[in-house]
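Take a look at the structure below.
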Amino acid sequence: MRLIAEVDLRINQEVRAGRLKAATYPVRGLEGSCAAVGLNLRPVDQLVSTYRNLGDALAKGSSLDALVAEIYGRLTGASKGKGGAMHLQDQAAGFVTSTGIVGSGIPIAVGLGVAAQLDRSDRVVVTTFGDGATSIGAFHESMNMASLWKLPVIFVCQNNQWGEHTPIAEYAASTDLAGRASAYAMASARVDGFDPVATALEVRGAVERARRGGGPTFIEVVTYRLTGHSGVSDYSYVPKDRLAQAMERDPVPVFRRRLGEDGVVQDAELEAIDKEIASEVDAAFSKAVEEPFPPQSERFTDVFADEKVVQGL
Ligand SMILES: Cc1ncc(C[n+]2csc(CCOP(=O)(O)OP(=O)(O)O)c2C)c(N)n1
Ligand SMILES: [Mg+2]
């Protein structure tokens, strides 16, 4: 959680200072729920995310250096600087892809679930997406197919109660998102996404079910967007009292207090973690900005069509 919070903060500082020119989507408020998912997955398990992907990527164990370099568009980035912040991936970590089109990662995850089943593997696939994505057609098609074929897919809906500038009640006929699973006879749960322990336990149950062939689960992780939609957007339209109420539950400081109160860790240990993470993150950012951008010759590598075909069009 600390690592996610630190990298997210640094990215936003860089964007606002004009040193990083990238479309970025803050994950403030999701630190605990992302960590809760990552904690329950092995590297061989797969995760498909959205543009709001930083927490998912780090929690799944992606390389910090390769992610930061990718966000800066550098050759040493996870996709040689050609994917950028919206399309982070790290195949070695099982962080398969992130997509910019709302809802489009969901059928990809279902395809990976079919592959896991055909391989007779015990891999599980998680797909994360926003509340807004539950109004996309592909979401419903995917839920139906996954449930019918008992695929090892876990649908994690990060319900931050906003779809860009629109509050959920203004775009969804029913705001009971977990309830949508019953239309597809799929197991479901609604969990407090500001509580990392509750979320981790719910995810653990879903992973165990998927591994033993019990089929998919839909988990609605209820949070609140603590920032604007993107790294640079304004959020003055968010009701002040509602935001203040959510900020009191900001998962990083709240969980930190809880760990202390429950006697799980001493302050000194937490401070050591903070220090270690701050220096790792400093190193990744300083290194990334020294790296070169991809050369022109990279334009036609890692794509389906070769240069001659594209020029002939
Ligand atoms: C199919 C599609 N429609 C519209 C957009 C523009 N858009 C980008 S993010 C976003 C909001 C989606 O909200 P939600 O799914 O709740 O995710 P959040 O950004 O809140 O995490 C929209 C409408 C898009 N990228 N793709
Ligand atoms: Mg949303």
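Residue numbering restarts at 1 for every chain of the structure tokens, chains are lettered A, B, ... in their displayed order, and ligands are numbered from 1 as they appear.
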Per residue of stretch 214-258 of chain A within 12 Å of stretch 112-133 of chain A, what are the shortest atom pair and its distance in Å to one decimal, counting only C-alpha atoms, with rows by chain and residue number, as JSON lines?
{"residue": "A:Gly214", "atom": "CA", "partner": "A:Val124", "partner_atom": "CA", "distance": 11.4}
{"residue": "A:Gly215", "atom": "CA", "partner": "A:Gly113", "partner_atom": "CA", "distance": 9.9}
{"residue": "A:Pro216", "atom": "CA", "partner": "A:Val125", "partner_atom": "CA", "distance": 9.4}
{"residue": "A:Thr217", "atom": "CA", "partner": "A:Val126", "partner_atom": "CA", "distance": 9.7}
{"residue": "A:Phe218", "atom": "CA", "partner": "A:Thr127", "partner_atom": "CA", "distance": 9.9}
{"residue": "A:Ile219", "atom": "CA", "partner": "A:Thr128", "partner_atom": "CA", "distance": 9.6}
{"residue": "A:Glu220", "atom": "CA", "partner": "A:Asp131", "partner_atom": "CA", "distance": 8.5}
{"residue": "A:Val221", "atom": "CA", "partner": "A:Asp131", "partner_atom": "CA", "distance": 9.4}
{"residue": "A:Val222", "atom": "CA", "partner": "A:Asp131", "partner_atom": "CA", "distance": 9.3}
{"residue": "A:Thr223", "atom": "CA", "partner": "A:Asp131", "partner_atom": "CA", "distance": 10.3}
{"residue": "A:Tyr224", "atom": "CA", "partner": "A:Asp131", "partner_atom": "CA", "distance": 10.9}
{"residue": "A:Arg225", "atom": "CA", "partner": "A:Gly130", "partner_atom": "CA", "distance": 10.7}
{"residue": "A:His229", "atom": "CA", "partner": "A:Gly130", "partner_atom": "CA", "distance": 11.6}
Counting only C-alpha atoms and all ligand atoms, name the residues that have an atom within 8 Å of an atom of ligand 1; the answer should be given as a PyMOL selection string.
chain A and resi 25+50-52+100-104+129-134+136+158-165+168+225+229
Requested write-out: N, CA and C atoms of the selected residues, as a tab-separated table (two decimals), in the first residue's frame:
chain	number	residue	atom	x	y	z
A	25	TYR	N	-3.86	8.40	-14.22
A	25	TYR	CA	-5.12	8.26	-13.49
A	25	TYR	C	-4.82	7.85	-12.06
A	50	THR	N	-7.21	-1.61	-16.02
A	50	THR	CA	-7.69	-0.50	-16.86
A	50	THR	C	-6.60	0.57	-16.93
A	51	TYR	N	-6.98	1.75	-17.42
A	51	TYR	CA	-6.06	2.90	-17.39
A	51	TYR	C	-5.73	3.29	-15.94
A	52	ARG	N	-6.61	2.98	-14.99
A	52	ARG	CA	-6.33	3.31	-13.57
A	52	ARG	C	-5.59	2.10	-12.99
A	100	GLY	N	-7.39	1.20	-22.26
A	100	GLY	CA	-7.94	2.54	-22.12
A	100	GLY	C	-9.42	2.62	-22.44
A	101	ILE	N	-9.94	1.58	-23.08
A	101	ILE	CA	-11.36	1.59	-23.46
A	101	ILE	C	-12.16	0.96	-22.32
A	102	VAL	N	-13.10	1.72	-21.79
A	102	VAL	CA	-13.85	1.26	-20.61
A	102	VAL	C	-14.51	-0.10	-20.89
A	103	GLY	N	-14.25	-1.08	-20.03
A	103	GLY	CA	-14.87	-2.40	-20.13
A	103	GLY	C	-14.16	-3.37	-21.04
A	104	SER	N	-13.15	-2.90	-21.79
A	104	SER	CA	-12.57	-3.78	-22.82
A	104	SER	C	-11.63	-4.84	-22.26
A	129	PHE	N	-12.00	-3.33	-12.91
A	129	PHE	CA	-12.64	-2.33	-13.76
A	129	PHE	C	-13.46	-1.41	-12.86
A	130	GLY	N	-13.87	-0.28	-13.41
A	130	GLY	CA	-14.63	0.69	-12.61
A	130	GLY	C	-16.11	0.38	-12.57
A	131	ASP	N	-16.82	1.13	-11.75
A	131	ASP	CA	-18.28	1.00	-11.68
A	131	ASP	C	-18.91	1.31	-13.05
A	132	GLY	N	-18.32	2.29	-13.75
A	132	GLY	CA	-18.88	2.68	-15.06
A	132	GLY	C	-18.88	1.53	-16.05
A	133	ALA	N	-17.89	0.66	-15.94
A	133	ALA	CA	-17.76	-0.46	-16.90
A	133	ALA	C	-18.91	-1.46	-16.78
A	134	THR	N	-19.64	-1.44	-15.65
A	134	THR	CA	-20.74	-2.40	-15.50
A	134	THR	C	-21.95	-2.02	-16.36
A	136	ILE	N	-21.39	-1.39	-19.62
A	136	ILE	CA	-20.91	-1.70	-20.98
A	136	ILE	C	-21.40	-3.11	-21.38
A	158	GLN	N	-14.03	-1.94	-9.06
A	158	GLN	CA	-13.56	-0.88	-8.15
A	158	GLN	C	-14.59	0.24	-8.20
A	159	ASN	N	-15.57	0.15	-7.31
A	159	ASN	CA	-16.66	1.14	-7.33
A	159	ASN	C	-16.26	2.39	-6.57
A	160	ASN	N	-15.74	3.39	-7.32
A	160	ASN	CA	-15.35	4.65	-6.67
A	160	ASN	C	-16.47	5.67	-6.78
A	161	GLN	N	-17.64	5.20	-7.23
A	161	GLN	CA	-18.89	5.99	-7.24
A	161	GLN	C	-18.95	7.10	-8.28
A	162	TRP	N	-17.95	7.14	-9.17
A	162	TRP	CA	-17.95	8.13	-10.25
A	162	TRP	C	-17.52	7.48	-11.55
A	163	GLY	N	-18.15	7.87	-12.62
A	163	GLY	CA	-17.70	7.54	-13.97
A	163	GLY	C	-17.31	8.88	-14.58
A	164	GLU	N	-16.03	9.15	-14.58
A	164	GLU	CA	-15.51	10.46	-14.98
A	164	GLU	C	-16.19	11.56	-14.16
A	165	HIS	N	-17.08	12.38	-14.77
A	165	HIS	CA	-17.68	13.48	-14.01
A	165	HIS	C	-19.11	13.17	-13.57
A	168	ILE	N	-22.60	7.85	-9.93
A	168	ILE	CA	-23.19	6.56	-10.31
A	168	ILE	C	-24.72	6.62	-10.40
A	225	ARG	N	-13.67	7.95	-4.89
A	225	ARG	CA	-12.53	8.56	-5.60
A	225	ARG	C	-12.04	9.77	-4.81
A	229	HIS	N	-10.64	12.80	-11.74
A	229	HIS	CA	-10.62	11.60	-12.60
A	229	HIS	C	-9.21	11.31	-13.12
What gap, in Å, lies between atom CA of A:Ala66 and atom CA of A:Asp90?
8.4 Å
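Using only C-alpha atoms, the protein and nucleic acid residues lying no more than 10 Å from A:Val232, apart from those fewer than 2 places from it along its own chain, are Asn12, Val15, Arg16, Ala22, Ala23, Thr24, Tyr25, Pro26, Thr227, Gly228, His229, Ser230, Asp234 and Tyr235 of chain A.
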Got time to write the residues from that selection, N, CA and C atoms, as an mmCIF file, in the first residue's frame?
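Result saved to part_18.cif:
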data_model
loop_
_atom_site.group_PDB
_atom_site.id
_atom_site.type_symbol
_atom_site.label_atom_id
_atom_site.label_comp_id
_atom_site.auth_asym_id
_atom_site.auth_seq_id
_atom_site.Cartn_x
_atom_site.Cartn_y
_atom_site.Cartn_z
ATOM 1 N N ASN A 12 1.898 12.200 -9.732
ATOM 2 C CA ASN A 12 1.062 13.394 -9.761
ATOM 3 C C ASN A 12 1.871 14.675 -9.592
ATOM 4 N N VAL A 15 3.541 15.274 -13.000
ATOM 5 C CA VAL A 15 2.597 15.739 -14.015
ATOM 6 C C VAL A 15 2.242 17.202 -13.765
ATOM 7 N N ARG A 16 1.927 17.521 -12.517
ATOM 8 C CA ARG A 16 1.513 18.889 -12.202
ATOM 9 C C ARG A 16 2.656 19.888 -12.374
ATOM 10 N N ALA A 22 2.048 12.937 -19.587
ATOM 11 C CA ALA A 22 1.400 11.632 -19.771
ATOM 12 C C ALA A 22 -0.007 11.719 -19.212
ATOM 13 N N ALA A 23 -0.906 10.913 -19.796
ATOM 14 C CA ALA A 23 -2.260 10.810 -19.249
ATOM 15 C C ALA A 23 -2.176 9.834 -18.088
ATOM 16 N N THR A 24 -2.408 10.317 -16.870
ATOM 17 C CA THR A 24 -2.290 9.448 -15.702
ATOM 18 C C THR A 24 -3.594 9.485 -14.905
ATOM 19 N N TYR A 25 -3.864 8.400 -14.222
ATOM 20 C CA TYR A 25 -5.123 8.257 -13.494
ATOM 21 C C TYR A 25 -4.819 7.853 -12.057
ATOM 22 N N PRO A 26 -4.971 8.772 -11.116
ATOM 23 C CA PRO A 26 -4.575 8.495 -9.731
ATOM 24 C C PRO A 26 -5.328 7.317 -9.128
ATOM 25 N N THR A 227 -9.603 11.775 -5.557
ATOM 26 C CA THR A 227 -8.955 12.784 -6.404
ATOM 27 C C THR A 227 -9.861 13.084 -7.599
ATOM 28 N N GLY A 228 -9.352 13.907 -8.513
ATOM 29 C CA GLY A 228 -10.046 14.091 -9.778
ATOM 30 C C GLY A 228 -9.919 12.825 -10.620
ATOM 31 N N HIS A 229 -10.637 12.795 -11.739
ATOM 32 C CA HIS A 229 -10.620 11.600 -12.598
ATOM 33 C C HIS A 229 -9.213 11.309 -13.117
ATOM 34 N N SER A 230 -8.535 12.336 -13.639
ATOM 35 C CA SER A 230 -7.182 12.112 -14.166
ATOM 36 C C SER A 230 -6.190 12.922 -13.345
ATOM 37 N N ASP A 234 -9.712 18.696 -12.524
ATOM 38 C CA ASP A 234 -10.309 19.407 -11.395
ATOM 39 C C ASP A 234 -11.357 18.482 -10.765
ATOM 40 N N TYR A 235 -11.624 18.630 -9.474
ATOM 41 C CA TYR A 235 -12.744 17.858 -8.929
ATOM 42 C C TYR A 235 -13.595 18.675 -7.982
#
Would you list the contacts of A:Asp250 as a PyMOL selection string, taking every protein, DNA or RNA residue within 10 Å and counting only C-alpha atoms, but skipping same-chain residues closer than 3 positions in sequence?
chain A and resi 28-32+194-195+223-224+226+244-247+253-255
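Take the candidates A:Tyr171, A:Phe285, A:Tyr237, A:Phe293 and check each one against ligand 2 using only C-alpha atoms and all ligand atoms; the shortest distance goes to A:Tyr171.
The smallest atom-to-atom distance between ligand 2 and any of A:Leu75, A:Leu9, A:Ala69, A:Ala169, using only C-alpha atoms and all ligand atoms, is found for A:Ala169.
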Could you pull out the residues in stretch 16-191 of chain A that DSSP calls strand (DSSP E or B) from the backbone, as a ChimeraX atom specification?
/A:46-50,90,95-99,125-130,153-159,162-163,166-167,187-191
Dump of N, CA and C atoms for the selected residues, as a compact mmCIF listing (two decimals), in the first residue's frame:
# COMPACT_ATOMS: atom_id res chain seq x y z
N GLN A 46 -3.10 -14.39 -13.45
CA GLN A 46 -3.06 -13.25 -14.37
C GLN A 46 -4.01 -12.13 -13.95
N LEU A 47 -3.61 -10.92 -14.27
CA LEU A 47 -4.44 -9.75 -13.92
C LEU A 47 -4.55 -8.84 -15.14
N VAL A 48 -5.77 -8.42 -15.42
CA VAL A 48 -6.04 -7.48 -16.51
C VAL A 48 -6.67 -6.23 -15.88
N SER A 49 -6.08 -5.07 -16.16
CA SER A 49 -6.51 -3.84 -15.51
C SER A 49 -7.02 -2.82 -16.51
N THR A 50 -7.21 -1.61 -16.02
CA THR A 50 -7.69 -0.50 -16.86
C THR A 50 -6.60 0.57 -16.93
N ASP A 90 3.34 -6.24 -17.48
CA ASP A 90 4.58 -6.91 -17.11
C ASP A 90 4.30 -8.40 -17.16
N PHE A 95 1.05 -9.60 -15.05
CA PHE A 95 0.22 -8.40 -15.22
C PHE A 95 0.01 -8.25 -16.73
N VAL A 96 -1.03 -8.87 -17.23
CA VAL A 96 -1.13 -9.11 -18.67
C VAL A 96 -1.31 -7.84 -19.49
N THR A 97 -2.26 -7.02 -19.10
CA THR A 97 -2.46 -5.80 -19.88
C THR A 97 -3.34 -4.81 -19.14
N SER A 98 -3.31 -3.57 -19.60
CA SER A 98 -4.22 -2.53 -19.11
C SER A 98 -4.83 -1.91 -20.37
N THR A 99 -6.09 -1.54 -20.31
CA THR A 99 -6.71 -0.99 -21.51
C THR A 99 -7.35 0.37 -21.22
N VAL A 125 -7.60 -15.89 -13.05
CA VAL A 125 -7.49 -14.61 -13.74
C VAL A 125 -8.36 -13.60 -13.01
N VAL A 126 -7.78 -12.43 -12.73
CA VAL A 126 -8.56 -11.35 -12.12
C VAL A 126 -8.66 -10.22 -13.12
N THR A 127 -9.84 -9.64 -13.23
CA THR A 127 -9.94 -8.41 -14.00
C THR A 127 -10.52 -7.32 -13.12
N THR A 128 -9.88 -6.16 -13.13
CA THR A 128 -10.38 -5.03 -12.37
C THR A 128 -10.97 -4.02 -13.35
N PHE A 129 -12.00 -3.33 -12.91
CA PHE A 129 -12.64 -2.33 -13.76
C PHE A 129 -13.46 -1.41 -12.86
N GLY A 130 -13.87 -0.28 -13.41
CA GLY A 130 -14.63 0.69 -12.61
C GLY A 130 -16.11 0.38 -12.57
N VAL A 153 -12.34 -16.98 -13.28
CA VAL A 153 -12.16 -15.53 -13.45
C VAL A 153 -12.82 -14.81 -12.27
N ILE A 154 -12.12 -13.83 -11.73
CA ILE A 154 -12.68 -13.03 -10.64
C ILE A 154 -12.85 -11.61 -11.14
N PHE A 155 -14.07 -11.14 -11.11
CA PHE A 155 -14.40 -9.80 -11.59
C PHE A 155 -14.36 -8.87 -10.38
N VAL A 156 -13.38 -7.97 -10.37
CA VAL A 156 -13.26 -7.04 -9.24
C VAL A 156 -13.66 -5.65 -9.71
N CYS A 157 -14.82 -5.21 -9.26
CA CYS A 157 -15.32 -3.90 -9.67
C CYS A 157 -14.90 -2.87 -8.63
N GLN A 158 -14.03 -1.94 -9.06
CA GLN A 158 -13.56 -0.88 -8.15
C GLN A 158 -14.59 0.24 -8.20
N ASN A 159 -15.57 0.15 -7.31
CA ASN A 159 -16.66 1.14 -7.33
C ASN A 159 -16.26 2.39 -6.57
N TRP A 162 -17.95 7.14 -9.17
CA TRP A 162 -17.95 8.13 -10.25
C TRP A 162 -17.52 7.48 -11.55
N GLY A 163 -18.15 7.87 -12.62
CA GLY A 163 -17.70 7.54 -13.97
C GLY A 163 -17.31 8.88 -14.58
N THR A 166 -19.54 11.94 -13.78
CA THR A 166 -20.94 11.61 -13.52
C THR A 166 -21.08 10.69 -12.31
N PRO A 167 -21.87 11.07 -11.32
CA PRO A 167 -22.05 10.18 -10.17
C PRO A 167 -22.87 8.95 -10.56
N ALA A 187 -21.60 -16.22 -8.11
CA ALA A 187 -21.35 -15.83 -6.71
C ALA A 187 -20.91 -14.37 -6.68
N SER A 188 -21.32 -13.66 -5.65
CA SER A 188 -20.91 -12.26 -5.58
C SER A 188 -20.79 -11.79 -4.14
N ALA A 189 -20.10 -10.66 -3.98
CA ALA A 189 -19.96 -10.07 -2.65
C ALA A 189 -19.77 -8.57 -2.82
N ARG A 190 -20.20 -7.82 -1.81
CA ARG A 190 -19.90 -6.39 -1.76
C ARG A 190 -19.01 -6.20 -0.54
N VAL A 191 -17.88 -5.54 -0.73
CA VAL A 191 -16.94 -5.41 0.38
C VAL A 191 -16.48 -3.96 0.52
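Using only C-alpha atoms and all ligand atoms for every distance, the candidate list A:Ala183, A:Leu177, A:Ala59, A:Ala85 yields A:Leu177 as the residue closest to ligand 2.
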